[in-house]
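Presented below is the structure to which this report refers.
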Amino acid sequence: MRGQRFSGPHKMRPMSFGQGGPAWGPGGSSTPDWAALAEQAERKRARRRRWLLAGGGALATAAVAGIVAVAVISEGGGSSPSAKPSESLPPPGDLPSEPTGPQPSFATERPPAPPEDYLKDPAKDTAPLGEDTLFPDEKVTVRGRQYQRAETDTAKKCADAAQQDLVPVLRKHGCEKLFRATYERDGLAFTLGIAVFGSEAAAAEVKSGYEPNVAALPGGGVPDFCRVVLCRTTVNALGRYAFFTIAGHTDGTPAGDDDEKAKQAALDGSYFGHDRLMERGKRQSEADAAAG
C-alpha cells in the first residue's frame, strides 16, 4: 500500500554482522565502512604477531635449555672442573708406583708374658733360686700385718723338712728341694715351706694328695713350736711349686678351731708364699721383655 505510514513503538535499526561481517556506514547505507574494516584487519595482524612472538620465545627457551643440558652432560663426563682447558693429566704410566720420600719406621714392643708362664716351665724358670731370693727381707707386711723373719733353711732332701704324713707324697711326685722360712708376730709364728717339682702337673698332684705337713722351723728367738700341739695348716700350688704353712702359738698353746689369730697367721703365710712366687715369675718375664 503505497504511501501508507506505520506508527508505533518500533523503530528500524541497522543490522550488525559482528566482528566477522562487514560494517556498514552511518545512516544504513549499503556502502561498507572501509576505515572500520581496515582497523579490524590491523587488529587481527597485531594479534597474529603477538602469538608468533610468544611461540618463538618458547622455542628459544627450549633450545637454550637443551644447550645447557648438553653442556652439563659434557662437563660431568670430562675432566675435573678445577682443571684448566690448557692443562692435561699425565698418563697412568707416568705416575710414581711407590712413595719416594722417607718412610715411617716402627718398633715392635714386646709385652711381658704372664708370670705363671715362667713358674710352670723349668726351661724358662731359670733365675737363681734359694733362701736369699725367696725370703730376702727381715720384715714383711702381709695384708696389713707385719712379721719379723726368724729363721730360714734349705732341705735338699725334702723328707728332712716334712712331717711323716707329707713325706711319701713329696717322694711320689719327685720333690727336688724344700725351702723354709719362719716369721713371728705377737706370740704367733708360721713356717712357710716351698717345694720345687719338675712340672706343673706334679705340683698339682701334691696339692691334691696332700697330707699335713711341713715341719715347723725354730730359730732366731722362736722356740720349737707346733710339735705336740694342735696348729693350723694350709696347702696350695702355683706353677711347678707346692707350698705349705703351719702356724701356732710360740708358748705352746693349742690353736683350736676357734683360734682366729692362729688361722689368720696360717693364711698370711700362704698369701706370702703366693706373692713371693708371683714376684719371681714377674721378674723373669720383665727381664725377657726388656731383652727383646
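Residue names in the C-alpha cells use chain letters A, B, ... in the order shown, residue numbers from 1 in each chain, and ligand numbers from 1 in the order shown.
Within the 9 Å cut-off around A:His274, using only C-alpha atoms and omitting residues fewer than 3 positions from it on the same chain, the listed residues are Asn236, Ala237, Leu238, Phe243, Gly269, Ser270, Tyr271, Leu277, Met278 and Glu279 of chain A.
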With C-alpha atoms retained, export the selected residues as a tab-separated table (two decimals), in the first residue's frame.
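As written to disk, part.tsv reads:
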chain	number	residue	atom	x	y	z
A	236	ASN	CA	98.49	-74.59	97.70
A	237	ALA	CA	100.25	-74.87	94.34
A	238	LEU	CA	101.42	-72.40	91.69
A	243	PHE	CA	103.75	-74.51	99.24
A	269	GLY	CA	101.91	-67.43	105.41
A	270	SER	CA	100.11	-68.87	102.37
A	271	TYR	CA	99.44	-65.41	100.89
A	277	LEU	CA	106.42	-66.93	93.73
A	278	MET	CA	104.48	-64.45	91.60
A	279	GLU	CA	107.23	-61.89	92.13
Exercise. Of the candidates A:Ala189, A:Ala287, A:Leu170, A:Ala150, which one gets nearest to A:Asn213 if we count only C-alpha atoms?
Worked result: A:Leu170
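Residue nearest A:His173, chosen from A:Ala155, A:Leu192, A:Ala202, A:Cys231 and counting only C-alpha atoms: A:Ala202.
Take the candidates A:Arg283, A:Arg110, A:Arg227, A:Arg180 and check each one against A:Leu134 using only C-alpha atoms; the shortest distance goes to A:Arg180.
In this comparison, which uses only C-alpha atoms, the residue of A:Tyr118, A:Tyr183, A:Phe197, A:Phe225 approaching A:Thr141 most closely is A:Tyr183.
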Problem set entry | All residues 6 Å or closer to A:Thr191, only C-alpha atoms, same chain fewer than 5 positions away omitted, as number ranges by chain | A: 181-182, 216, 245-246
Would you mind exporting C-alpha atoms of the selected residues as an mmCIF file, in the first residue's frame?
data_model
loop_
_atom_site.group_PDB
_atom_site.id
_atom_site.type_symbol
_atom_site.label_atom_id
_atom_site.label_comp_id
_atom_site.auth_asym_id
_atom_site.auth_seq_id
_atom_site.Cartn_x
_atom_site.Cartn_y
_atom_site.Cartn_z
ATOM 1 C CA ALA A 181 111.269 -69.664 106.486
ATOM 2 C CA THR A 182 109.695 -68.840 109.854
ATOM 3 C CA ALA A 216 107.865 -76.004 111.791
ATOM 4 C CA THR A 245 102.227 -73.345 106.054
ATOM 5 C CA ILE A 246 101.951 -74.359 109.678
#
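Secondary structure of stretch 161-242 of chain A, alpha helix (DSSP H) only (DSSP, backbone atoms): Val167, Pro168, Val169, Leu170, Arg171, Lys172, Glu200, Ala201, Ala202, Ala203, Ala204, Glu205, Val206, Lys207 and Ser208 of chain A.
Remark: for A:Gly252, the closest of the candidate residues A:Gly221, A:Ala159, A:Ala204, A:Gly187 is A:Gly187 (distances computed over only C-alpha atoms).
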